[in-house]
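The next block is model_3.cif, given as mmCIF, C-alpha atoms.
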data_target
loop_
_atom_site.label_atom_id
_atom_site.label_comp_id
_atom_site.auth_asym_id
_atom_site.auth_seq_id
_atom_site.Cartn_x
_atom_site.Cartn_y
_atom_site.Cartn_z
CA MET H 246 -128.82 187.49 302.98
CA THR H 247 -132.51 186.65 303.21
CA ARG H 248 -135.15 187.28 300.57
CA GLU H 249 -136.77 189.80 302.93
CA ASN H 250 -133.82 192.22 302.82
CA LEU H 251 -133.00 191.97 299.12
CA PRO H 252 -132.46 195.44 297.62
CA ALA H 253 -135.38 196.56 295.44
CA GLY H 254 -135.31 194.97 292.00
CA PHE H 255 -132.52 192.48 292.83
CA GLN H 256 -132.82 188.68 292.77
CA PRO H 257 -130.15 185.99 293.27
CA VAL H 258 -128.67 184.47 290.09
CA VAL H 259 -129.50 180.78 289.48
CA PRO H 260 -128.12 178.96 292.56
CA VAL H 261 -126.50 175.99 290.79
CA GLY H 262 -123.07 174.44 291.42
CA PHE H 263 -120.30 177.01 291.90
CA ASN H 264 -122.75 179.97 291.89
CA ALA H 265 -124.58 178.39 294.83
CA TYR H 266 -121.35 177.32 296.58
CA ILE H 267 -119.81 180.80 296.71
CA GLY H 268 -123.02 182.44 297.93
CA PRO H 269 -125.76 184.75 296.71
CA ILE H 270 -124.89 186.92 293.71
CA LEU H 271 -127.68 189.43 293.18
CA ARG H 272 -128.78 190.68 289.81
CA ASP H 273 -130.98 193.71 289.12
CA LEU H 274 -134.04 192.54 287.15
CA SER H 275 -135.69 195.99 287.20
CA ARG H 276 -133.31 197.72 284.80
CA LYS H 277 -134.60 198.97 281.49
CA ALA H 278 -133.47 197.77 278.04
CA GLY H 279 -130.25 199.46 276.95
CA GLU H 280 -129.01 200.03 280.50
CA ALA H 281 -125.92 198.25 281.80
CA GLY H 282 -126.58 195.05 283.80
CA ARG H 283 -126.18 195.58 287.55
CA PHE H 284 -124.99 193.00 290.12
CA ARG H 285 -124.16 192.88 293.84
CA PHE H 286 -122.15 190.60 296.13
CA GLN H 287 -121.12 190.86 299.78
CA PRO H 288 -117.88 188.91 300.48
CA GLN H 289 -117.49 186.89 303.69
CA ALA H 290 -114.50 185.46 305.61
CA HIS H 291 -114.26 182.32 303.44
CA HIS H 292 -113.86 184.46 300.28
CA LEU H 293 -110.60 186.05 301.47
CA ASN H 294 -106.90 185.44 300.82
CA ALA H 295 -104.14 185.32 303.43
CA GLY H 296 -103.74 189.11 303.14
CA HIS H 297 -107.35 189.58 304.38
CA ASN H 298 -108.43 190.86 300.96
CA VAL H 299 -111.07 189.19 298.79
CA HIS H 300 -109.39 186.44 296.70
CA GLY H 301 -108.76 187.30 293.06
CA GLY H 302 -110.43 184.05 292.04
CA LEU H 303 -113.68 185.20 293.66
CA LEU H 304 -113.54 188.58 291.88
CA MET H 305 -112.83 186.88 288.53
CA THR H 306 -115.73 184.50 289.23
CA LEU H 307 -118.07 187.47 289.80
CA CYS H 308 -116.91 188.99 286.49
CA ASP H 309 -117.44 185.70 284.62
CA ILE H 310 -120.98 185.38 286.01
CA MET H 311 -121.85 189.06 285.44
CA LEU H 312 -120.48 189.17 281.89
CA GLY H 313 -122.06 185.77 281.12
CA TYR H 314 -125.52 186.94 282.21
CA THR H 315 -125.10 190.12 280.19
CA VAL H 316 -124.09 188.08 277.12
CA HIS H 317 -127.09 185.74 277.42
CA GLU H 318 -129.53 188.64 277.73
CA ALA H 319 -128.25 189.81 274.34
CA ILE H 320 -128.77 186.42 272.62
CA PRO H 321 -132.26 185.16 273.59
CA GLY H 322 -132.68 181.40 273.11
CA LYS H 323 -128.99 180.85 272.44
CA LEU H 324 -126.14 179.48 274.52
CA ALA H 325 -122.63 180.97 274.68
CA THR H 326 -119.46 180.04 276.55
CA THR H 327 -116.46 182.08 277.72
CA ALA H 328 -113.61 181.94 275.16
CA THR H 329 -111.35 184.55 276.78
CA LEU H 330 -111.59 186.72 279.86
CA ASN H 331 -109.09 189.45 280.76
CA THR H 332 -109.21 190.82 284.28
CA ASP H 333 -107.29 193.68 285.90
CA PHE H 334 -107.04 193.75 289.68
CA VAL H 335 -107.33 197.48 290.25
CA ALA H 336 -107.75 197.59 294.04
CA GLY H 337 -108.23 195.29 297.02
CA VAL H 338 -111.60 194.52 298.62
CA ARG H 339 -112.11 193.77 302.33
CA GLU H 340 -114.56 191.41 304.02
CA GLY H 341 -118.13 192.76 304.14
CA GLU H 342 -117.62 195.55 301.61
CA LEU H 343 -120.52 195.68 299.15
CA ILE H 344 -119.24 194.87 295.64
CA GLU H 345 -121.32 196.38 292.84
CA GLY H 346 -120.91 195.32 289.23
CA ARG H 347 -121.91 196.65 285.83
CA ALA H 348 -121.51 195.04 282.42
CA GLU H 349 -122.38 195.85 278.81
CA VAL H 350 -122.16 194.12 275.45
CA THR H 351 -119.69 195.97 273.22
CA ARG H 352 -120.49 194.11 270.00
CA LEU H 353 -122.59 191.14 268.94
CA THR H 354 -121.76 189.14 265.80
CA ARG H 355 -123.30 185.92 264.46
CA SER H 356 -120.86 183.76 266.43
CA LEU H 357 -119.22 186.04 269.04
CA VAL H 358 -120.23 188.42 271.83
CA PHE H 359 -117.75 191.08 273.01
CA VAL H 360 -118.52 192.20 276.55
CA SER H 361 -116.91 194.30 279.26
CA GLY H 362 -117.64 195.37 282.80
CA ALA H 363 -116.29 196.51 286.12
CA LEU H 364 -116.66 195.75 289.82
CA SER H 365 -116.58 198.65 292.25
CA VAL H 366 -116.78 199.35 295.99
CA ALA H 367 -118.26 202.67 297.13
CA GLY H 368 -118.00 203.98 293.57
CA LYS H 369 -114.29 203.15 293.14
CA PRO H 370 -113.27 200.44 290.62
CA VAL H 371 -111.75 197.25 292.08
CA MET H 372 -111.68 195.07 288.94
CA THR H 373 -112.16 195.75 285.24
CA ALA H 374 -112.91 192.87 282.87
CA SER H 375 -113.39 192.26 279.17
CA GLY H 376 -114.11 189.02 277.40
CA ILE H 377 -115.25 187.26 274.27
CA TRP H 378 -118.04 184.69 274.43
CA LYS H 379 -118.57 182.13 271.65
CA ILE H 380 -122.16 181.30 270.71
CA ILE H 381 -122.23 177.49 270.72
CA GLY H 382 -125.89 176.65 269.97
CA ASP H 383 -129.46 176.89 271.16
CA ARG H 384 -130.37 176.93 274.82
CA LYS H 385 -132.10 173.84 276.18
CA GLU H 386 -135.79 174.27 277.00
CA GLY H 387 -136.19 175.53 280.57
CA ALA H 388 -132.46 176.13 281.15
CA PRO H 389 -131.67 179.19 283.27
CA ALA H 390 -130.91 182.52 281.62
CA MET W 157 -97.91 174.97 316.94
CA THR W 158 -99.59 176.33 313.82
CA GLU W 159 -98.37 174.89 310.52
CA THR W 160 -97.06 177.61 308.20
CA MET W 161 -96.18 178.07 304.53
CA PHE W 162 -94.19 181.13 303.33
CA GLY W 163 -94.38 182.20 307.01
CA ILE W 164 -98.21 182.34 306.91
CA ALA W 165 -100.62 180.00 308.75
CA VAL W 166 -101.90 177.13 306.58
CA ALA W 167 -105.70 177.14 306.04
CA PRO W 168 -107.55 173.82 306.54
CA TRP W 169 -109.26 172.35 303.43
CA ALA W 170 -113.07 172.62 303.53
CA ARG W 171 -113.25 169.06 302.10
CA PRO W 172 -110.56 166.97 303.84
CA ASP W 173 -112.53 163.86 302.77
CA ILE W 174 -111.39 164.28 299.13
CA ALA W 175 -108.26 162.12 298.78
CA PRO W 176 -105.44 162.70 296.26
CA PRO W 177 -105.40 160.45 293.16
CA PRO W 178 -102.70 157.71 293.12
CA GLY W 179 -99.22 159.25 292.79
CA TRP W 180 -100.32 162.70 294.08
CA LYS W 181 -100.12 164.16 297.57
CA LEU W 182 -102.37 166.70 299.24
CA GLY W 183 -101.21 170.29 298.74
CA ARG W 184 -101.29 173.09 301.32
CA VAL W 185 -102.79 176.58 301.04
CA VAL W 186 -102.82 179.80 303.06
CA ASP W 187 -105.84 181.49 301.43
CA PRO W 188 -109.26 180.75 303.00
CA PHE W 189 -110.99 180.93 299.58
CA GLU W 190 -108.62 178.31 298.12
CA ALA W 191 -109.21 176.08 301.15
CA PHE W 192 -112.95 176.53 300.48
CA CYS W 193 -112.68 175.56 296.76
CA GLY W 194 -110.00 172.82 296.92
CA PRO W 195 -108.25 170.57 297.74
CA TRP W 196 -105.32 170.94 295.36
CA PHE W 197 -102.89 168.05 294.81
CA GLU W 198 -99.18 168.14 293.95
CA LYS W 199 -96.36 165.91 292.78
CA VAL W 200 -92.94 166.14 291.16
CA GLY W 201 -93.01 164.69 287.63
CA SER W 202 -90.43 162.26 286.22
CA ASP W 203 -88.87 165.36 284.57
CA GLY W 204 -88.33 166.91 288.02
CA VAL W 205 -90.96 169.60 287.35
CA LYS W 206 -93.63 170.34 289.99
CA ARG W 207 -97.20 169.60 288.94
CA TYR W 208 -100.46 170.66 290.59
CA ALA W 209 -104.03 169.40 290.10
CA PHE W 210 -107.61 169.49 291.32
CA ARG W 211 -110.55 167.23 290.54
CA VAL W 212 -113.82 168.83 289.37
CA ASP W 213 -116.68 167.93 291.72
CA GLU W 214 -120.34 168.91 292.06
CA ARG W 215 -119.42 172.18 293.87
CA HIS W 216 -117.52 173.43 290.80
CA ILE W 217 -120.01 173.07 287.94
CA ASN W 218 -122.09 175.75 286.21
CA ALA W 219 -125.68 175.81 284.90
CA ASN W 220 -124.52 173.98 281.74
CA GLY W 221 -123.14 171.08 283.79
CA VAL W 222 -119.43 171.77 283.06
CA CYS W 223 -116.75 173.27 285.30
CA HIS W 224 -117.40 176.95 286.06
CA GLY W 225 -114.92 179.39 284.51
CA GLY W 226 -114.67 181.11 287.89
CA MET W 227 -113.45 177.91 289.53
CA LEU W 228 -110.87 177.40 286.78
CA MET W 229 -109.65 181.02 287.12
CA THR W 230 -109.42 180.55 290.90
CA PHE W 231 -107.20 177.47 290.38
CA VAL W 232 -105.11 179.45 287.84
CA ASP W 233 -104.58 182.30 290.32
CA ALA W 234 -103.79 179.85 293.12
CA ILE W 235 -101.22 177.76 291.23
CA LEU W 236 -99.49 180.53 289.25
CA GLY W 237 -99.36 182.18 292.66
CA VAL W 238 -97.41 179.25 294.15
CA ALA W 239 -94.77 179.56 291.40
CA VAL W 240 -94.60 183.32 291.88
CA TRP W 241 -94.41 183.13 295.68
CA GLU W 242 -91.53 180.63 295.48
CA ARG W 243 -89.56 183.37 293.63
CA ASP W 244 -90.33 186.00 296.31
CA PRO W 245 -90.70 183.97 299.53
CA ASP W 246 -90.11 186.90 301.88
CA GLY W 247 -92.49 189.29 300.09
CA PHE W 248 -96.22 189.13 299.39
CA PRO W 249 -96.76 189.27 295.61
CA VAL W 250 -100.36 190.07 294.55
CA THR W 251 -102.12 189.50 291.22
CA VAL W 252 -102.66 192.69 289.22
CA GLY W 253 -103.84 191.13 285.96
CA GLN W 254 -104.84 187.73 284.59
CA GLN W 255 -105.66 186.76 281.01
CA THR W 256 -107.46 183.46 280.63
CA SER W 257 -108.36 181.50 277.46
CA PHE W 258 -110.87 178.70 277.83
CA LEU W 259 -110.00 176.17 275.11
CA LYS W 260 -112.22 173.23 276.00
CA ALA W 261 -115.02 172.42 278.45
CA VAL W 262 -114.04 170.51 281.60
CA ARG W 263 -116.44 167.98 283.10
CA LYS W 264 -117.19 166.69 286.58
CA ASP W 265 -114.56 164.13 287.76
CA ASP W 266 -111.94 165.47 285.30
CA LEU W 267 -108.49 166.05 286.85
CA VAL W 268 -107.12 169.48 285.83
CA GLU W 269 -103.28 169.55 285.84
CA VAL W 270 -100.65 172.26 285.37
CA SER W 271 -96.92 172.93 285.68
CA PRO W 272 -96.77 176.71 286.28
CA VAL W 273 -93.95 178.74 284.72
CA VAL W 274 -92.43 182.05 285.79
CA LEU W 275 -91.64 183.96 282.58
CA ARG W 276 -89.79 186.89 284.10
CA GLN W 277 -88.96 188.16 287.55
CA GLY W 278 -88.23 191.86 287.81
CA ARG W 279 -87.63 193.92 290.93
CA GLU W 280 -91.27 194.91 291.22
CA MET W 281 -93.17 192.64 288.80
CA ILE W 282 -93.33 188.90 288.12
CA PHE W 283 -94.87 187.42 284.92
CA ALA W 284 -96.30 183.88 285.09
CA ARG W 285 -97.96 181.49 282.67
CA GLY W 286 -99.71 178.14 282.81
CA ASP W 287 -101.08 175.60 280.32
CA PHE W 288 -103.76 173.48 281.98
CA PHE W 289 -104.52 169.92 280.83
CA CYS W 290 -107.10 167.18 281.34
CA GLY W 291 -105.17 164.10 280.29
CA ASP W 292 -103.55 165.05 276.95
CA ALA W 293 -106.11 167.78 276.15
CA LEU W 294 -105.10 171.42 276.63
CA ILE W 295 -108.18 172.95 278.26
CA LEU W 296 -107.02 176.40 279.41
CA SER W 297 -104.08 178.75 278.98
CA ALA W 298 -103.43 181.75 281.19
CA THR W 299 -100.90 184.46 281.88
CA SER W 300 -100.77 186.70 284.90
CA LEU W 301 -98.88 189.69 286.17
CA TRP W 302 -97.93 190.02 289.83
CA LYS W 303 -96.80 193.07 291.79
CA CYS W 304 -94.25 192.48 294.55
CA THR W 305 -95.38 193.97 297.86
CA ALA W 306 -94.33 193.77 301.52
CA LEU W 307 -97.89 193.23 302.78
CA LYS W 308 -97.20 189.82 304.36
CA PRO W 309 -99.68 189.24 307.21
CA LYS W 310 -98.51 188.12 310.66
CA SER W 311 -99.34 184.47 311.36
#
Encoded form (structure tokens):
Amino acid sequence: MTRENLPAGFQPVVPVGFNAYIGPILRDLSRKAGEAGRFRFQPQAHHLNAGHNVHGGLLMTLCDIMLGYTVHEAIPGKLATTATLNTDFVAGVREGELIEGRAEVTRLTRSLVFVSGALSVAGKPVMTASGIWKIIGDRKEGAPA
Amino acid sequence: MTETMFGIAVAPWARPDIAPPPGWKLGRVVDPFEAFCGPWFEKVGSDGVKRYAFRVDERHINANGVCHGGMLMTFVDAILGVAVWERDPDGFPVTVGQQTSFLKAVRKDDLVEVSPVVLRQGREMIFARGDFFCGDALILSATSLWKCTALKPKS
């Protein structure tokens, strides 16, 4: 995907390490406060399993990234890390199908963030996820959101 | 002739240059995404139990400089999957749920090791579990639920 054909409002998440290796995960920066975070990903041949479906590890990775971004938006200046993540594999995804994701913070405490979300294809859920993030300190100056 | 595993064509590792640590041998995979993320290594321990491992490299880290949770969950799914598939070699079990606890951060060059366990095999469902270690430190614990299917692709 090139920058020229990015959907309106979407930008790639920080392309570092594993995020960069698996390919562009797009995040909607145009949403208003209080709305669920929105994400997009288009799986390719190297994201599949032997059954020609998208690998569960890739779907769980998308959920971790999506829920993590949603957590960090809720805790400006602070850094949190995944403590638990529960993922249900609701339906298979084929190569090239546009995966859309949504995530919301359920509850924020002084030390924990409860968050949940879902991935869908053409409006039908393919993975649901919920997790708990632990706030571990302050974010380094200039570190990505 | 194509090399196969569970009757499915083996996928070539994206990084064949990464050699197994001493005492380990290179594993084999059938899933393109695992071939893209690996290699995995395997050995049989002195207790006769199979062990699997991967070494965290620069491809696997996150923005905080530690191993990405997504990479760890991919390795969990892959290796619990090996244990599950060995129990249903003629079928094609698929993951329907995974619960992952991240106990400790994992750094670049760490070797992540596990001996996967099948907790229960029913007619339609298989329950699996794994405790993942770096050295003596427990870094991750996961359970997963697999549905037995007959979806096996032709190789």
**Message:** Neighbouring residues of stretch 234-250 of chain W were defined as those with any atom within 8 Å, considering all atoms listed in the file; residues of the same chain fewer than 4 positions away were excluded. Please report them as a ChimeraX atom specification.
**Reply:** /H:302 /W:162,190,208,230,272-274,277,282,284-286,300,302-308
Restrict the selected residues to C-alpha atoms and save them as a PDB file, in the coordinates of the input.
ATOM      1  CA  GLY H 302    -110.430 184.050 292.040  1.00  0.00           C
TER       2      GLY H 302
ATOM      3  CA  PHE W 162     -94.190 181.130 303.330  1.00  0.00           C
ATOM      4  CA  GLU W 190    -108.620 178.310 298.120  1.00  0.00           C
ATOM      5  CA  TYR W 208    -100.460 170.660 290.590  1.00  0.00           C
ATOM      6  CA  THR W 230    -109.420 180.550 290.900  1.00  0.00           C
ATOM      7  CA  PRO W 272     -96.770 176.710 286.280  1.00  0.00           C
ATOM      8  CA  VAL W 273     -93.950 178.740 284.720  1.00  0.00           C
ATOM      9  CA  VAL W 274     -92.430 182.050 285.790  1.00  0.00           C
ATOM     10  CA  GLN W 277     -88.960 188.160 287.550  1.00  0.00           C
ATOM     11  CA  ILE W 282     -93.330 188.900 288.120  1.00  0.00           C
ATOM     12  CA  ALA W 284     -96.300 183.880 285.090  1.00  0.00           C
ATOM     13  CA  ARG W 285     -97.960 181.490 282.670  1.00  0.00           C
ATOM     14  CA  GLY W 286     -99.710 178.140 282.810  1.00  0.00           C
ATOM     15  CA  SER W 300    -100.770 186.700 284.900  1.00  0.00           C
ATOM     16  CA  TRP W 302     -97.930 190.020 289.830  1.00  0.00           C
ATOM     17  CA  LYS W 303     -96.800 193.070 291.790  1.00  0.00           C
ATOM     18  CA  CYS W 304     -94.250 192.480 294.550  1.00  0.00           C
ATOM     19  CA  THR W 305     -95.380 193.970 297.860  1.00  0.00           C
ATOM     20  CA  ALA W 306     -94.330 193.770 301.520  1.00  0.00           C
ATOM     21  CA  LEU W 307     -97.890 193.230 302.780  1.00  0.00           C
ATOM     22  CA  LYS W 308     -97.200 189.820 304.360  1.00  0.00           C
TER      23      LYS W 308
END
**Request:** Would you write out, as a list in words, every residue that the PyMOL selection byres ((chain H) within 6 of (chain W)) captures in this file?
**Result:**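 When the PyMOL selection byres ((chain H) within 6 of (chain W)) is applied, the selected residues are Val261, Gly262, Phe263, His291, His292, Leu293, Asn294, Ala295, Gly296, Gly302, Thr306, Ala328, Thr329, Leu330, Asn331, Thr332, Asp333 and Phe334 of chain H.
From atom CA of H:Ile310 back to atom CA of H:Pro260, the distance works out to 11.6 Å.
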Output of the PyMOL selection byres ((chain H and resi 319) around 10), listed as a short mmCIF file (atom, residue, chain, number, x, y, z; two decimals) with C-alpha atoms, keeping the file's coordinate frame:
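Resulting contents of result.cif:
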data_model
loop_
_atom_site.label_atom_id
_atom_site.label_comp_id
_atom_site.auth_asym_id
_atom_site.auth_seq_id
_atom_site.Cartn_x
_atom_site.Cartn_y
_atom_site.Cartn_z
CA TYR H 314 -125.52 186.94 282.21
CA THR H 315 -125.10 190.12 280.19
CA VAL H 316 -124.09 188.08 277.12
CA HIS H 317 -127.09 185.74 277.42
CA GLU H 318 -129.53 188.64 277.73
CA ILE H 320 -128.77 186.42 272.62
CA PRO H 321 -132.26 185.16 273.59
CA GLY H 322 -132.68 181.40 273.11
CA LYS H 323 -128.99 180.85 272.44
CA GLU H 349 -122.38 195.85 278.81
CA VAL H 350 -122.16 194.12 275.45
CA ARG H 352 -120.49 194.11 270.00
CA LEU H 353 -122.59 191.14 268.94
CA VAL H 358 -120.23 188.42 271.83
#
**Atom-to-atom span, atom CA of H:Ser375 and atom CA of H:Gly279, Å** = 18.5 Å
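Using all atoms listed in the file, the shortest contact distance between W:Leu267 and any of W:Glu159, W:Asp292, W:Asp203, W:Glu280 is found at W:Asp292.
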**Item:** Contacts of stretch 363-366 of chain H at 6 Å (all atoms listed in the file; same-chain gap of 5+ positions) as a PyMOL selection string
**Value:** chain H and resi 344-347+371-374
Taking every listed atom of stretch 197-208 of chain W and adding 3 Å to each side, what centre and edge lengths in Å (one decimal) does the axis-aligned box have, as JSON?
{"center_x": -95.6, "center_y": 166.5, "center_z": 289.7, "size_x": 20.6, "size_y": 14.4, "size_z": 16.2}
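On the file presented, the PyMOL selection byres ((chain W and resi 264) around 6) picks out Val212, Asp213, Arg263, Asp265 and Asp266 of chain W.
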**Prompt:** Which polymer residues, protein or nucleic acid, are no farther than 6 Å from (-115.4, 187.9, 271.1), counting all atoms listed in the file, as a ChimeraX atom specification?
**Reply:** /H:357-359,377-378
**Request:** Could you tell me how far atom CA of W:Arg171 lies from atom CA of W:Trp196, in Å and to one decimal?
**Result:** 10.6 Å
**Request:** Would you kindly identify which residues have an atom no farther than 7 Å from (-120.8, 194.9, 279.0), using only C-alpha atoms and the file's own coordinates, and write them out as a PyMOL selection string?
**Result:** chain H and resi 281+312+315+348-351+360-362
Hey, could you patch up stretch 243-253 of chain W with all heavy atoms and hand it over as a PDB file, keeping the file's coordinate frame?
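Saved file rebuild34.pdb follows:
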ATOM      1  N   ARG W 243     -90.611 182.456 294.101  1.00  0.00           N
ATOM      2  CA  ARG W 243     -89.560 183.370 293.630  1.00  0.00           C
ATOM      3  C   ARG W 243     -89.392 184.576 294.556  1.00  0.00           C
ATOM      4  O   ARG W 243     -88.431 185.321 294.425  1.00  0.00           O
ATOM      5  CB  ARG W 243     -89.911 183.876 292.224  1.00  0.00           C
ATOM      6  CG  ARG W 243     -89.924 182.801 291.168  1.00  0.00           C
ATOM      7  CD  ARG W 243     -88.521 182.237 290.961  1.00  0.00           C
ATOM      8  NE  ARG W 243     -88.495 181.426 289.749  1.00  0.00           N
ATOM      9  CZ  ARG W 243     -88.099 181.877 288.547  1.00  0.00           C
ATOM     10  NH1 ARG W 243     -87.699 183.106 288.421  1.00  0.00           N
ATOM     11  NH2 ARG W 243     -88.111 181.084 287.507  1.00  0.00           N
ATOM     12  N   ASP W 244     -90.389 184.831 295.423  1.00  0.00           N
ATOM     13  CA  ASP W 244     -90.330 186.000 296.310  1.00  0.00           C
ATOM     14  C   ASP W 244     -90.853 185.579 297.682  1.00  0.00           C
ATOM     15  O   ASP W 244     -91.872 186.082 298.164  1.00  0.00           O
ATOM     16  CB  ASP W 244     -91.193 187.134 295.715  1.00  0.00           C
ATOM     17  CG  ASP W 244     -91.093 188.428 296.527  1.00  0.00           C
ATOM     18  OD1 ASP W 244     -90.133 188.575 297.320  1.00  0.00           O
ATOM     19  OD2 ASP W 244     -91.988 189.277 296.383  1.00  0.00           O
ATOM     20  N   PRO W 245     -90.157 184.592 298.322  1.00  0.00           N
ATOM     21  CA  PRO W 245     -90.700 183.970 299.530  1.00  0.00           C
ATOM     22  C   PRO W 245     -90.815 184.910 300.725  1.00  0.00           C
ATOM     23  O   PRO W 245     -91.608 184.653 301.632  1.00  0.00           O
ATOM     24  CB  PRO W 245     -89.719 182.824 299.813  1.00  0.00           C
ATOM     25  CG  PRO W 245     -88.471 183.180 299.084  1.00  0.00           C
ATOM     26  CD  PRO W 245     -88.876 184.002 297.903  1.00  0.00           C
ATOM     27  N   ASP W 246     -90.047 185.992 300.731  1.00  0.00           N
ATOM     28  CA  ASP W 246     -90.110 186.900 301.880  1.00  0.00           C
ATOM     29  C   ASP W 246     -91.098 188.049 301.655  1.00  0.00           C
ATOM     30  O   ASP W 246     -91.431 188.778 302.584  1.00  0.00           O
ATOM     31  CB  ASP W 246     -88.718 187.490 302.167  1.00  0.00           C
ATOM     32  CG  ASP W 246     -87.731 186.381 302.495  1.00  0.00           C
ATOM     33  OD1 ASP W 246     -88.146 185.411 303.165  1.00  0.00           O
ATOM     34  OD2 ASP W 246     -86.569 186.470 302.051  1.00  0.00           O
ATOM     35  N   GLY W 247     -91.538 188.233 300.412  1.00  0.00           N
ATOM     36  CA  GLY W 247     -92.490 189.290 300.090  1.00  0.00           C
ATOM     37  C   GLY W 247     -93.915 188.763 300.075  1.00  0.00           C
ATOM     38  O   GLY W 247     -94.201 187.677 300.595  1.00  0.00           O
ATOM     39  N   PHE W 248     -94.803 189.527 299.495  1.00  0.00           N
ATOM     40  CA  PHE W 248     -96.220 189.130 299.390  1.00  0.00           C
ATOM     41  C   PHE W 248     -96.719 189.590 298.026  1.00  0.00           C
ATOM     42  O   PHE W 248     -97.409 190.590 297.904  1.00  0.00           O
ATOM     43  CB  PHE W 248     -97.027 189.774 300.532  1.00  0.00           C
ATOM     44  CG  PHE W 248     -98.426 189.253 300.671  1.00  0.00           C
ATOM     45  CD1 PHE W 248     -98.682 188.095 301.387  1.00  0.00           C
ATOM     46  CD2 PHE W 248     -99.499 189.918 300.084  1.00  0.00           C
ATOM     47  CE1 PHE W 248     -99.980 187.613 301.520  1.00  0.00           C
ATOM     48  CE2 PHE W 248    -100.803 189.443 300.213  1.00  0.00           C
ATOM     49  CZ  PHE W 248    -101.035 188.280 300.942  1.00  0.00           C
ATOM     50  N   PRO W 249     -96.323 188.858 296.943  1.00  0.00           N
ATOM     51  CA  PRO W 249     -96.760 189.270 295.610  1.00  0.00           C
ATOM     52  C   PRO W 249     -98.283 189.148 295.464  1.00  0.00           C
ATOM     53  O   PRO W 249     -98.867 188.196 295.989  1.00  0.00           O
ATOM     54  CB  PRO W 249     -96.058 188.288 294.671  1.00  0.00           C
ATOM     55  CG  PRO W 249     -95.009 187.612 295.486  1.00  0.00           C
ATOM     56  CD  PRO W 249     -95.487 187.651 296.898  1.00  0.00           C
ATOM     57  N   VAL W 250     -98.905 190.111 294.789  1.00  0.00           N
ATOM     58  CA  VAL W 250    -100.360 190.070 294.550  1.00  0.00           C
ATOM     59  C   VAL W 250    -100.635 190.147 293.055  1.00  0.00           C
ATOM     60  O   VAL W 250     -99.895 190.780 292.301  1.00  0.00           O
ATOM     61  CB  VAL W 250    -101.110 191.216 295.285  1.00  0.00           C
ATOM     62  CG1 VAL W 250    -100.922 191.100 296.788  1.00  0.00           C
ATOM     63  CG2 VAL W 250    -100.656 192.582 294.791  1.00  0.00           C
ATOM     64  N   THR W 251    -101.712 189.491 292.629  1.00  0.00           N
ATOM     65  CA  THR W 251    -102.120 189.500 291.220  1.00  0.00           C
ATOM     66  C   THR W 251    -102.595 190.895 290.839  1.00  0.00           C
ATOM     67  O   THR W 251    -103.414 191.479 291.551  1.00  0.00           O
ATOM     68  CB  THR W 251    -103.285 188.531 290.982  1.00  0.00           C
ATOM     69  OG1 THR W 251    -103.103 187.376 291.777  1.00  0.00           O
ATOM     70  CG2 THR W 251    -103.399 188.148 289.509  1.00  0.00           C
ATOM     71  N   VAL W 252    -102.097 191.423 289.718  1.00  0.00           N
ATOM     72  CA  VAL W 252    -102.660 192.690 289.220  1.00  0.00           C
ATOM     73  C   VAL W 252    -103.365 192.507 287.880  1.00  0.00           C
ATOM     74  O   VAL W 252    -104.140 193.369 287.473  1.00  0.00           O
ATOM     75  CB  VAL W 252    -101.615 193.829 289.157  1.00  0.00           C
ATOM     76  CG1 VAL W 252    -101.240 194.279 290.570  1.00  0.00           C
ATOM     77  CG2 VAL W 252    -100.386 193.446 288.375  1.00  0.00           C
ATOM     78  N   GLY W 253    -103.113 191.404 287.191  1.00  0.00           N
ATOM     79  CA  GLY W 253    -103.840 191.130 285.960  1.00  0.00           C
ATOM     80  C   GLY W 253    -103.766 189.663 285.614  1.00  0.00           C
ATOM     81  O   GLY W 253    -102.752 189.016 285.896  1.00  0.00           O
TER      82      GLY W 253
END
